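Chemist: So that we are looking at the same thing, I have put the structure below in structure tokens.
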Amino acid sequence: MSEPSATRSSPDLVEIAQAFPLLGRFSRGASHGSGHINDTFAITFDQAGTAVRYILQRINDRIFKDVPALMDNIQRVTSHAAAKVAASGGDDAARRALTLVPARSGGPFHRDGHGGWWRCYLFVEKARTHDLIESPRQAAEAARAFGEFQRLLLDLPGVRLRETIPGFHDTRRRFEDFRRAITNDRRRRAAEARSEIAFALTREALAGVLLDLHARGEIPERITHNDTKLNNVMLDDATHEAVCVIDLDTVMPGLALYDFGDMVRSATNAAAEDERDLAKVAMRMPIYEALVSGYLAAAGGFLNAAERAHLAFAGKLVTFEIGLRFLTDFLEGDVYFKTHRPGHNLDRARNQFALVRSIEAQESAMQAAAERIARAA
Ligand code: ADP
Ligand code: GN1
Ligand code: MG
């Protein structure tokens, strides 16, 4: 990030780990994964000669303003998921739902001396996340897992989950933020992004489509993941089956189509999200078809007709929305997403908008494919 803060300092992992009741001796710890939001570390404990790993995560409290509420959501969701997985009799239930390790204090998180918020998860072993999907099989598995996750949460007991980021997928609001960033142009970057800004401004009408359907009662609020990019699901190293959905910070009330749309955005792209060679960016139809099949295999039973009719559109909308967020962050000076080089957010925005163009070019074929797969399901 371009703005260092106290909570971004290099942490003493040994000391943090002591706040959790982990057996054995700390042997090592290092940064882990390629998430854009939290600070994630894998730590290894020597437990009588066996190396056991855990995930320690410092939660991004500039983005998540109410961490106790967020952790309450995660506790409710993980314990519900674990109970259902156990009831269905899987032999590796501990890998199939994310498992929180409570802090020694008894709560779900630990606060360090700088005010940082830490949580600990069991490490999901013999599985990995993928930044770039290689085969339709992986795509179908990931989509099935996210659909299954939504299905699992249909009967979550208790009050409505807290909105950890209010208006997270409110694309109209995202558009207003974008417009404000252009008007303010605090970092004098708008000139550099002139053609991306023009691209976005001509597509403003997209922003309200799903919101309007929801307002008219045609698509319902559900409990959704809201960040279903492919590196938020772990695939088994050996079988390539989806093992576990992770990154639960944004699990909250939402629209099922946002989840499907973000799968399309993150899985169908032939290039990485920040690839600068835009000739490599393309929506891959076989991956898209696999997403539709996998998702409907798990979610087809509860989605209504309007939801099923907007699968292709959702892919375009969410790709546009995330592109808009990268562009807004570029204009605002890279204050939200982690960046690793100058212009990183602008590269990401260009990439996402190239993917929007590729989707637009194939949208009627995507629509027809979704209808065909839904009929056959
Ligand atoms: P962010 O919000 O920053 O994306 P994530 O929760 O997605 O953070 O974690 C970042 C990465 O760490 C993931 O993409 C995944 O590779 C890895 N990871 C997270 N939780 C686990 C876990 N319980 N077991 C193994 N790897 C994990
Ligand atoms: C962030 O946390 P991570 O890296 O899985 C972001 C998503 C974006 C994504 C783009 C809480 O996801 O909304 O789609 O980057 N998460 C949050 O790669 O803003
Ligand atoms: Mg993540």
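Note on naming: chains are A, B, ... as they come in the structure tokens, residues start from 1 per chain, ligands start from 1 in the order shown.
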Please check which protein, DNA or RNA residues sit within 6 Å of ligand 2, counting only C-alpha atoms and all ligand atoms, and write them as a PyMOL selection string.
Modeler: chain A and resi 35-37+227+232+322
Chemist: Could you list, as a list in words, every residue within 9 Å of region 157-164 of chain A, counting only C-alpha atoms and ignoring same-chain residues fewer than 5 positions away?
Modeler: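 Answer for this query is Ile63, Phe64, Lys65, Asp66, Val67, Ala69, Leu70, Asp72, Asn73, Arg76, His80, Ile223, Asp249, Thr250, Val251, Met252 and Pro253 of chain A.
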Chemist: For N, CA, C and O atoms, I'd like the residues from the last selection saved as a PDB file, in the first residue's frame.
Modeler:
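Final output, result11.pdb:
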ATOM      1  N   ILE A  63     -10.512  -1.140   6.242  1.00  0.00           N
ATOM      2  CA  ILE A  63     -11.607  -1.526   5.345  1.00  0.00           C
ATOM      3  C   ILE A  63     -12.785  -2.084   6.134  1.00  0.00           C
ATOM      4  O   ILE A  63     -13.938  -1.771   5.856  1.00  0.00           O
ATOM      5  N   PHE A  64     -12.477  -2.910   7.111  1.00  0.00           N
ATOM      6  CA  PHE A  64     -13.538  -3.498   7.932  1.00  0.00           C
ATOM      7  C   PHE A  64     -13.605  -2.715   9.240  1.00  0.00           C
ATOM      8  O   PHE A  64     -12.750  -2.844  10.109  1.00  0.00           O
ATOM      9  N   LYS A  65     -14.640  -1.882   9.340  1.00  0.00           N
ATOM     10  CA  LYS A  65     -14.682  -0.906  10.442  1.00  0.00           C
ATOM     11  C   LYS A  65     -15.154  -1.505  11.748  1.00  0.00           C
ATOM     12  O   LYS A  65     -14.936  -0.922  12.803  1.00  0.00           O
ATOM     13  N   ASP A  66     -15.855  -2.640  11.676  1.00  0.00           N
ATOM     14  CA  ASP A  66     -16.378  -3.232  12.910  1.00  0.00           C
ATOM     15  C   ASP A  66     -15.932  -4.700  12.953  1.00  0.00           C
ATOM     16  O   ASP A  66     -16.675  -5.606  12.556  1.00  0.00           O
ATOM     17  N   VAL A  67     -14.698  -4.900  13.411  1.00  0.00           N
ATOM     18  CA  VAL A  67     -14.125  -6.258  13.378  1.00  0.00           C
ATOM     19  C   VAL A  67     -14.894  -7.227  14.288  1.00  0.00           C
ATOM     20  O   VAL A  67     -15.141  -8.368  13.892  1.00  0.00           O
ATOM     21  N   ALA A  69     -18.030  -7.368  14.899  1.00  0.00           N
ATOM     22  CA  ALA A  69     -19.241  -7.783  14.164  1.00  0.00           C
ATOM     23  C   ALA A  69     -18.863  -8.731  13.033  1.00  0.00           C
ATOM     24  O   ALA A  69     -19.534  -9.746  12.796  1.00  0.00           O
ATOM     25  N   LEU A  70     -17.773  -8.420  12.351  1.00  0.00           N
ATOM     26  CA  LEU A  70     -17.302  -9.283  11.261  1.00  0.00           C
ATOM     27  C   LEU A  70     -16.971 -10.684  11.796  1.00  0.00           C
ATOM     28  O   LEU A  70     -17.360 -11.702  11.219  1.00  0.00           O
ATOM     29  N   ASP A  72     -18.098 -12.052  14.449  1.00  0.00           N
ATOM     30  CA  ASP A  72     -19.338 -12.713  14.870  1.00  0.00           C
ATOM     31  C   ASP A  72     -19.996 -13.385  13.658  1.00  0.00           C
ATOM     32  O   ASP A  72     -20.427 -14.543  13.727  1.00  0.00           O
ATOM     33  N   ASN A  73     -20.057 -12.673  12.534  1.00  0.00           N
ATOM     34  CA  ASN A  73     -20.566 -13.287  11.292  1.00  0.00           C
ATOM     35  C   ASN A  73     -19.793 -14.569  10.981  1.00  0.00           C
ATOM     36  O   ASN A  73     -20.373 -15.611  10.675  1.00  0.00           O
ATOM     37  N   ARG A  76     -20.488 -17.521  13.245  1.00  0.00           N
ATOM     38  CA  ARG A  76     -21.807 -18.126  12.969  1.00  0.00           C
ATOM     39  C   ARG A  76     -21.764 -18.949  11.682  1.00  0.00           C
ATOM     40  O   ARG A  76     -22.275 -20.068  11.627  1.00  0.00           O
ATOM     41  N   HIS A  80     -21.969 -23.098  11.516  1.00  0.00           N
ATOM     42  CA  HIS A  80     -23.106 -23.664  10.786  1.00  0.00           C
ATOM     43  C   HIS A  80     -22.599 -24.586   9.664  1.00  0.00           C
ATOM     44  O   HIS A  80     -23.083 -25.716   9.501  1.00  0.00           O
ATOM     45  N   ILE A 223     -28.021 -14.964   1.706  1.00  0.00           N
ATOM     46  CA  ILE A 223     -26.696 -14.828   2.318  1.00  0.00           C
ATOM     47  C   ILE A 223     -25.693 -15.254   1.259  1.00  0.00           C
ATOM     48  O   ILE A 223     -25.759 -16.375   0.738  1.00  0.00           O
ATOM     49  N   ASP A 249     -14.752 -12.700   5.035  1.00  0.00           N
ATOM     50  CA  ASP A 249     -14.982 -11.355   5.589  1.00  0.00           C
ATOM     51  C   ASP A 249     -16.217 -10.669   5.017  1.00  0.00           C
ATOM     52  O   ASP A 249     -16.814  -9.820   5.677  1.00  0.00           O
ATOM     53  N   THR A 250     -16.545 -10.996   3.784  1.00  0.00           N
ATOM     54  CA  THR A 250     -17.673 -10.300   3.144  1.00  0.00           C
ATOM     55  C   THR A 250     -18.920 -11.175   3.066  1.00  0.00           C
ATOM     56  O   THR A 250     -19.851 -10.841   2.316  1.00  0.00           O
ATOM     57  N   VAL A 251     -18.958 -12.280   3.799  1.00  0.00           N
ATOM     58  CA  VAL A 251     -20.191 -13.085   3.817  1.00  0.00           C
ATOM     59  C   VAL A 251     -21.249 -12.262   4.549  1.00  0.00           C
ATOM     60  O   VAL A 251     -21.070 -11.871   5.702  1.00  0.00           O
ATOM     61  N   MET A 252     -22.312 -11.945   3.841  1.00  0.00           N
ATOM     62  CA  MET A 252     -23.349 -11.058   4.399  1.00  0.00           C
ATOM     63  C   MET A 252     -24.548 -11.078   3.454  1.00  0.00           C
ATOM     64  O   MET A 252     -24.506 -11.743   2.417  1.00  0.00           O
ATOM     65  N   PRO A 253     -25.605 -10.368   3.772  1.00  0.00           N
ATOM     66  CA  PRO A 253     -26.740 -10.343   2.860  1.00  0.00           C
ATOM     67  C   PRO A 253     -26.327  -9.770   1.502  1.00  0.00           C
ATOM     68  O   PRO A 253     -25.589  -8.781   1.442  1.00  0.00           O
TER      69      PRO A 253
END
Chemist: Determine, for each residue of region 217-308 of chain A having at least one atom at most 9 Å from an atom of region 169-172 of chain A, the closest pair of atoms and their separation in Å to one decimal, counting only C-alpha atoms; order by chain and ascending number, as JSON lines.
Modeler:
{"residue": "A:Asn226", "atom": "CA", "partner": "A:His169", "partner_atom": "CA", "distance": 7.7}
{"residue": "A:Gly254", "atom": "CA", "partner": "A:His169", "partner_atom": "CA", "distance": 7.8}
{"residue": "A:Leu255", "atom": "CA", "partner": "A:His169", "partner_atom": "CA", "distance": 8.7}
{"residue": "A:Tyr258", "atom": "CA", "partner": "A:His169", "partner_atom": "CA", "distance": 7.3}
Chemist: One number please: CA of Leu154 (chain A) to CA of Leu303 (chain A), in Å, one decimal.
Modeler: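 Between CA of Leu154 (chain A) and CA of Leu303 (chain A) the gap is 11.3 Å.
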Chemist: Wanna dump the chain A-ligand 1 contacts at 9 Å for me, each residue with its shortest atom pair and the distance in Å to one decimal, counting only C-alpha atoms and all ligand atoms, ordered by chain and number, as CSV?
Modeler:
residue,atom,partner,partner_atom_place_in_ligand_line,distance
A:Ser31,CA,ligand 1,12 (O),8.8
A:His32,CA,ligand 1,12 (O),5.6
A:Gly33,CA,ligand 1,11 (C),4.0
A:Ser34,CA,ligand 1,11 (C),5.7
A:Gly35,CA,ligand 1,4 (O),3.1
A:His36,CA,ligand 1,3 (O),4.7
A:Ile37,CA,ligand 1,3 (O),3.7
A:Asn38,CA,ligand 1,3 (O),3.7
A:Asp39,CA,ligand 1,3 (O),6.2
A:Thr40,CA,ligand 1,10 (C),5.7
A:Phe41,CA,ligand 1,12 (O),7.5
A:Ala42,CA,ligand 1,26 (N),7.7
A:Arg53,CA,ligand 1,24 (N),8.5
A:Tyr54,CA,ligand 1,24 (N),7.1
A:Ile55,CA,ligand 1,23 (N),5.7
A:Leu56,CA,ligand 1,20 (N),8.4
A:Gln57,CA,ligand 1,6 (O),7.7
A:Ile59,CA,ligand 1,2 (O),8.1
A:Asn60,CA,ligand 1,3 (O),8.3
A:Arg95,CA,ligand 1,23 (N),8.6
A:Ala97,CA,ligand 1,23 (N),8.9
A:Leu98,CA,ligand 1,23 (N),5.9
A:Thr99,CA,ligand 1,23 (N),7.3
A:Leu100,CA,ligand 1,23 (N),8.5
A:Cys120,CA,ligand 1,23 (N),8.3
A:Tyr121,CA,ligand 1,23 (N),5.1
A:Leu122,CA,ligand 1,23 (N),5.3
A:Phe123,CA,ligand 1,24 (N),3.6
A:Val124,CA,ligand 1,24 (N),3.8
A:Glu125,CA,ligand 1,25 (C),6.4
A:Lys126,CA,ligand 1,25 (C),9.0
A:Ala127,CA,ligand 1,25 (C),7.5
A:Arg128,CA,ligand 1,16 (O),6.2
A:Thr129,CA,ligand 1,16 (O),5.0
A:His130,CA,ligand 1,16 (O),7.7
A:Asp131,CA,ligand 1,14 (O),8.3
A:Asp227,CA,ligand 1,2 (O),8.7
A:Leu230,CA,ligand 1,14 (O),8.5
A:Asn231,CA,ligand 1,14 (O),4.9
A:Asn232,CA,ligand 1,7 (O),5.2
A:Val233,CA,ligand 1,14 (O),7.6
A:Met234,CA,ligand 1,15 (C),7.3
A:Cys244,CA,ligand 1,23 (N),8.6
A:Ile246,CA,ligand 1,20 (N),5.9
A:Asp247,CA,ligand 1,6 (O),3.7
A:Leu248,CA,ligand 1,6 (O),6.9
A:Asp249,CA,ligand 1,2 (O),7.1
A:Thr250,CA,ligand 1,2 (O),8.9
A:Lys338,CA,ligand 1,3 (O),8.8
Chemist: Quick check for you: according to DSSP on this backbone, which residues of region 30-265 of chain A are classed as strand (DSSP E)? Reply as a VMD selection string.
Modeler: chain A and resid 30 to 31 39 to 47 50 to 59 110 to 111 117 to 122 127 to 128 222 to 224 233 to 236 242 to 245 252 to 254
Chemist: May I ask which of the residues A:Ser195, A:Thr239, A:Gln138, A:Gln367 is the closest one to Ala314 (chain A), counting only C-alpha atoms?
Modeler: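 Among the listed residues, the smallest separation from Ala314 (chain A) belongs to A:Gln367.
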Chemist: Could you please determine the separation between CA of Arg96 (chain A) and CA of Ala81 (chain A) in Å, to one decimal place?
Modeler: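 These two atoms are separated by 8.6 Å.
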Chemist: Could you go through region 72-281 of chain A and tell me which residues DSSP, when run on the backbone, assigns to helix (DSSP H, G or I), listing them as a PyMOL selection string?
Modeler: chain A and resi 72-87+93-96+136-152+171-184+190-201+204-215+230-232+256-267+278-280
Chemist: Between A:Thr50, A:Gln150, A:Gln18, A:Ser135, single out the one closest to Ser105 (chain A), counting only C-alpha atoms.
Modeler: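 Ranked by minimum distance to Ser105 (chain A), first place goes to A:Gln18.
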Chemist: For region 265-280 of chain A, work out the shell of residues within 8 Å, counting only C-alpha atoms and skipping chain neighbours fewer than 4 positions away, then give it as a compact mmCIF listing (two decimals) with all heavy atoms, in the first residue's frame.
Modeler:
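What ended up in part_34.txt:
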# COMPACT_ATOMS: atom_id res chain seq x y z
N ASP A 131 -4.67 -18.42 -8.81
CA ASP A 131 -4.96 -17.08 -9.31
C ASP A 131 -5.49 -17.14 -10.74
O ASP A 131 -6.24 -16.27 -11.18
CB ASP A 131 -3.70 -16.21 -9.27
CG ASP A 131 -3.35 -15.83 -7.84
OD1 ASP A 131 -4.25 -15.87 -6.97
OD2 ASP A 131 -2.18 -15.50 -7.57
N LEU A 132 -5.09 -18.18 -11.44
CA LEU A 132 -5.52 -18.34 -12.84
C LEU A 132 -6.03 -19.76 -13.01
O LEU A 132 -5.33 -20.71 -12.65
CB LEU A 132 -4.30 -18.10 -13.74
CG LEU A 132 -4.56 -17.82 -15.21
CD1 LEU A 132 -5.40 -16.58 -15.39
CD2 LEU A 132 -3.23 -17.65 -15.94
N ILE A 133 -7.23 -19.87 -13.54
CA ILE A 133 -7.82 -21.19 -13.67
C ILE A 133 -7.34 -21.83 -14.97
O ILE A 133 -7.18 -21.16 -15.98
CB ILE A 133 -9.37 -21.07 -13.61
CG1 ILE A 133 -9.98 -22.24 -12.89
CG2 ILE A 133 -9.98 -20.89 -14.96
CD1 ILE A 133 -9.98 -22.13 -11.44
N ALA A 139 -12.92 -24.96 -12.93
CA ALA A 139 -13.96 -23.93 -12.88
C ALA A 139 -15.27 -24.51 -12.36
O ALA A 139 -15.95 -23.91 -11.51
CB ALA A 139 -14.16 -23.33 -14.27
N LYS A 229 -13.89 -14.72 -5.88
CA LYS A 229 -12.85 -14.89 -6.88
C LYS A 229 -12.19 -16.24 -6.66
O LYS A 229 -12.22 -16.80 -5.56
CB LYS A 229 -11.87 -13.72 -6.89
CG LYS A 229 -10.91 -13.62 -5.77
CD LYS A 229 -10.14 -12.31 -5.99
CE LYS A 229 -8.82 -12.28 -5.28
NZ LYS A 229 -8.21 -10.94 -5.33
N LEU A 230 -11.60 -16.72 -7.75
CA LEU A 230 -11.12 -18.10 -7.73
C LEU A 230 -10.08 -18.37 -6.66
O LEU A 230 -9.94 -19.50 -6.21
CB LEU A 230 -10.59 -18.46 -9.11
CG LEU A 230 -11.58 -19.28 -9.90
CD1 LEU A 230 -11.79 -20.62 -9.23
CD2 LEU A 230 -12.94 -18.60 -10.03
N GLY A 261 -21.41 -13.69 -10.76
CA GLY A 261 -20.72 -12.71 -11.61
C GLY A 261 -19.24 -12.63 -11.30
O GLY A 261 -18.40 -12.54 -12.21
N ARG A 284 -13.17 -16.81 -21.68
CA ARG A 284 -13.07 -18.16 -22.28
C ARG A 284 -14.40 -18.89 -22.14
O ARG A 284 -14.80 -19.26 -21.02
CB ARG A 284 -11.95 -18.94 -21.59
CG ARG A 284 -10.57 -18.35 -21.84
CD ARG A 284 -9.50 -19.06 -21.06
NE ARG A 284 -9.61 -18.85 -19.63
CZ ARG A 284 -8.83 -19.42 -18.71
NH1 ARG A 284 -7.89 -20.26 -19.07
NH2 ARG A 284 -9.00 -19.16 -17.43
N MET A 285 -15.04 -19.13 -23.26
CA MET A 285 -16.38 -19.74 -23.24
C MET A 285 -16.42 -21.12 -22.55
O MET A 285 -17.35 -21.39 -21.77
CB MET A 285 -16.92 -19.82 -24.68
CG MET A 285 -18.37 -20.22 -24.75
SD MET A 285 -19.48 -19.06 -23.91
CE MET A 285 -19.83 -17.94 -25.23
N ILE A 287 -14.73 -22.21 -20.11
CA ILE A 287 -14.67 -22.01 -18.66
C ILE A 287 -16.01 -21.47 -18.17
O ILE A 287 -16.54 -21.90 -17.13
CB ILE A 287 -13.52 -21.03 -18.28
CG1 ILE A 287 -12.17 -21.56 -18.76
CG2 ILE A 287 -13.54 -20.73 -16.79
CD1 ILE A 287 -11.56 -22.64 -17.94
N TYR A 288 -16.58 -20.54 -18.94
CA TYR A 288 -17.88 -19.98 -18.56
C TYR A 288 -18.93 -21.08 -18.49
O TYR A 288 -19.70 -21.17 -17.53
CB TYR A 288 -18.28 -18.89 -19.57
CG TYR A 288 -19.71 -18.44 -19.40
CD1 TYR A 288 -20.06 -17.59 -18.35
CD2 TYR A 288 -20.70 -18.88 -20.27
CE1 TYR A 288 -21.38 -17.19 -18.18
CE2 TYR A 288 -22.02 -18.48 -20.10
CZ TYR A 288 -22.35 -17.64 -19.05
OH TYR A 288 -23.65 -17.26 -18.88
N GLY A 315 -22.05 -11.62 -14.97
CA GLY A 315 -20.61 -11.68 -15.26
C GLY A 315 -20.11 -10.35 -15.78
O GLY A 315 -19.06 -9.84 -15.36
N LYS A 316 -20.88 -9.77 -16.68
CA LYS A 316 -20.48 -8.47 -17.24
C LYS A 316 -20.51 -7.40 -16.16
O LYS A 316 -19.57 -6.60 -16.01
CB LYS A 316 -21.42 -8.09 -18.39
CG LYS A 316 -21.09 -6.75 -19.00
CD LYS A 316 -21.87 -6.47 -20.28
CE LYS A 316 -23.33 -6.19 -19.99
NZ LYS A 316 -24.05 -5.73 -21.20
N VAL A 318 -20.35 -7.54 -12.79
CA VAL A 318 -19.36 -7.59 -11.70
C VAL A 318 -17.96 -7.28 -12.25
O VAL A 318 -17.16 -6.61 -11.59
CB VAL A 318 -19.41 -8.93 -10.94
CG1 VAL A 318 -18.30 -9.01 -9.90
CG2 VAL A 318 -20.78 -9.09 -10.26
N THR A 319 -17.69 -7.70 -13.49
CA THR A 319 -16.38 -7.36 -14.08
C THR A 319 -16.28 -5.84 -14.22
O THR A 319 -15.25 -5.23 -13.89
CB THR A 319 -16.22 -8.05 -15.45
OG1 THR A 319 -16.47 -9.45 -15.28
CG2 THR A 319 -14.81 -7.86 -15.99
N HIS A 344 -0.38 -0.02 -10.68
CA HIS A 344 -0.94 -1.38 -10.59
C HIS A 344 -2.47 -1.37 -10.70
O HIS A 344 -3.06 -2.16 -11.44
CB HIS A 344 -0.50 -2.02 -9.26
CG HIS A 344 -0.48 -3.52 -9.30
ND1 HIS A 344 0.12 -4.27 -8.33
CD2 HIS A 344 -1.00 -4.42 -10.18
CE1 HIS A 344 -0.03 -5.55 -8.61
NE2 HIS A 344 -0.70 -5.67 -9.73
N ASP A 347 -3.51 -0.68 -14.24
CA ASP A 347 -3.34 -1.91 -15.05
C ASP A 347 -4.51 -2.86 -14.82
O ASP A 347 -5.05 -3.46 -15.75
CB ASP A 347 -2.05 -2.65 -14.68
CG ASP A 347 -0.80 -1.88 -15.07
OD1 ASP A 347 -0.90 -0.99 -15.93
OD2 ASP A 347 0.27 -2.17 -14.49
N ARG A 348 -4.88 -3.00 -13.56
CA ARG A 348 -6.00 -3.92 -13.24
C ARG A 348 -7.30 -3.41 -13.87
O ARG A 348 -8.08 -4.20 -14.41
CB ARG A 348 -6.17 -4.01 -11.72
CG ARG A 348 -5.06 -4.77 -10.99
CD ARG A 348 -5.23 -4.55 -9.49
NE ARG A 348 -4.30 -5.32 -8.67
CZ ARG A 348 -3.91 -4.93 -7.45
NH1 ARG A 348 -4.33 -3.79 -6.93
NH2 ARG A 348 -3.08 -5.69 -6.76
N ARG A 350 -7.67 -1.50 -16.53
CA ARG A 350 -7.61 -1.71 -18.00
C ARG A 350 -7.91 -3.16 -18.34
O ARG A 350 -8.63 -3.46 -19.28
CB ARG A 350 -6.21 -1.37 -18.51
CG ARG A 350 -5.96 0.11 -18.51
CD ARG A 350 -4.61 0.46 -19.16
NE ARG A 350 -4.54 1.89 -19.30
CZ ARG A 350 -3.46 2.62 -19.06
NH1 ARG A 350 -2.33 2.05 -18.71
NH2 ARG A 350 -3.50 3.93 -19.20
N ASN A 351 -7.32 -4.04 -17.55
CA ASN A 351 -7.51 -5.48 -17.77
C ASN A 351 -8.99 -5.85 -17.60
O ASN A 351 -9.56 -6.54 -18.46
CB ASN A 351 -6.62 -6.20 -16.75
CG ASN A 351 -6.73 -7.70 -16.78
OD1 ASN A 351 -7.81 -8.24 -16.60
ND2 ASN A 351 -5.61 -8.38 -17.00
N GLN A 352 -9.61 -5.37 -16.55
CA GLN A 352 -11.02 -5.72 -16.30
C GLN A 352 -11.92 -5.14 -17.38
O GLN A 352 -12.87 -5.77 -17.81
CB GLN A 352 -11.47 -5.23 -14.92
CG GLN A 352 -10.68 -5.83 -13.75
CD GLN A 352 -10.87 -7.33 -13.61
OE1 GLN A 352 -11.90 -7.82 -13.19
NE2 GLN A 352 -9.84 -8.08 -14.00
N ALA A 354 -11.02 -4.58 -20.45
CA ALA A 354 -10.81 -5.41 -21.66
C ALA A 354 -11.66 -6.68 -21.55
O ALA A 354 -12.21 -7.16 -22.55
CB ALA A 354 -9.33 -5.76 -21.81
N LEU A 355 -11.77 -7.19 -20.34
CA LEU A 355 -12.61 -8.39 -20.16
C LEU A 355 -14.09 -8.04 -20.37
O LEU A 355 -14.84 -8.84 -20.95
CB LEU A 355 -12.37 -8.99 -18.76
CG LEU A 355 -13.06 -10.32 -18.47
CD1 LEU A 355 -12.59 -11.41 -19.44
CD2 LEU A 355 -12.78 -10.77 -17.03
Chemist: Enter the distance from CA of Thr44 (chain A) to CA of Arg28 (chain A), in Å, rounded to one decimal.
Modeler: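 Pair CA of Thr44 (chain A) / CA of Arg28 (chain A) returns 5.3 Å.
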Chemist: Within 7 Å of Phe326 (chain A), counting only C-alpha atoms, which residues qualify if same-chain residues fewer than 6 places away don't, as a short mmCIF file (atom, residue, chain, number, x, y, z; two decimals) with all heavy atoms, in the first residue's frame?
Modeler:
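Wrote it out as around-v2.cif, contents follow:
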data_model
loop_
_atom_site.label_atom_id
_atom_site.label_comp_id
_atom_site.auth_asym_id
_atom_site.auth_seq_id
_atom_site.Cartn_x
_atom_site.Cartn_y
_atom_site.Cartn_z
N ASN A 345 -3.09 -0.45 -9.99
CA ASN A 345 -4.56 -0.40 -10.04
C ASN A 345 -5.07 0.01 -11.43
O ASN A 345 -6.12 -0.46 -11.87
CB ASN A 345 -5.10 0.55 -8.98
CG ASN A 345 -5.30 -0.14 -7.64
OD1 ASN A 345 -5.81 -1.26 -7.59
ND2 ASN A 345 -4.89 0.52 -6.56
N LEU A 346 -4.32 0.88 -12.10
CA LEU A 346 -4.74 1.26 -13.46
C LEU A 346 -4.59 0.07 -14.40
O LEU A 346 -5.46 -0.20 -15.24
CB LEU A 346 -3.92 2.47 -13.95
CG LEU A 346 -4.30 2.98 -15.34
CD1 LEU A 346 -5.77 3.38 -15.42
CD2 LEU A 346 -3.41 4.17 -15.73
N ARG A 348 -4.88 -3.00 -13.56
CA ARG A 348 -6.00 -3.92 -13.24
C ARG A 348 -7.30 -3.41 -13.87
O ARG A 348 -8.08 -4.20 -14.41
CB ARG A 348 -6.17 -4.01 -11.72
CG ARG A 348 -5.06 -4.77 -10.99
CD ARG A 348 -5.23 -4.55 -9.49
NE ARG A 348 -4.30 -5.32 -8.67
CZ ARG A 348 -3.91 -4.93 -7.45
NH1 ARG A 348 -4.33 -3.79 -6.93
NH2 ARG A 348 -3.08 -5.69 -6.76
N ALA A 349 -7.52 -2.11 -13.78
CA ALA A 349 -8.76 -1.55 -14.35
C ALA A 349 -8.80 -1.77 -15.86
O ALA A 349 -9.81 -2.20 -16.42
CB ALA A 349 -8.85 -0.06 -14.03
#
Chemist: Compare A:Ala190, A:Ala181, A:Ile165, A:Leu257 by their minimum atom-to-atom distance to Glu307 (chain A), counting only C-alpha atoms, and give me the closest one.
Modeler: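 Among the listed residues, A:Leu257 lies closest to Glu307 (chain A).
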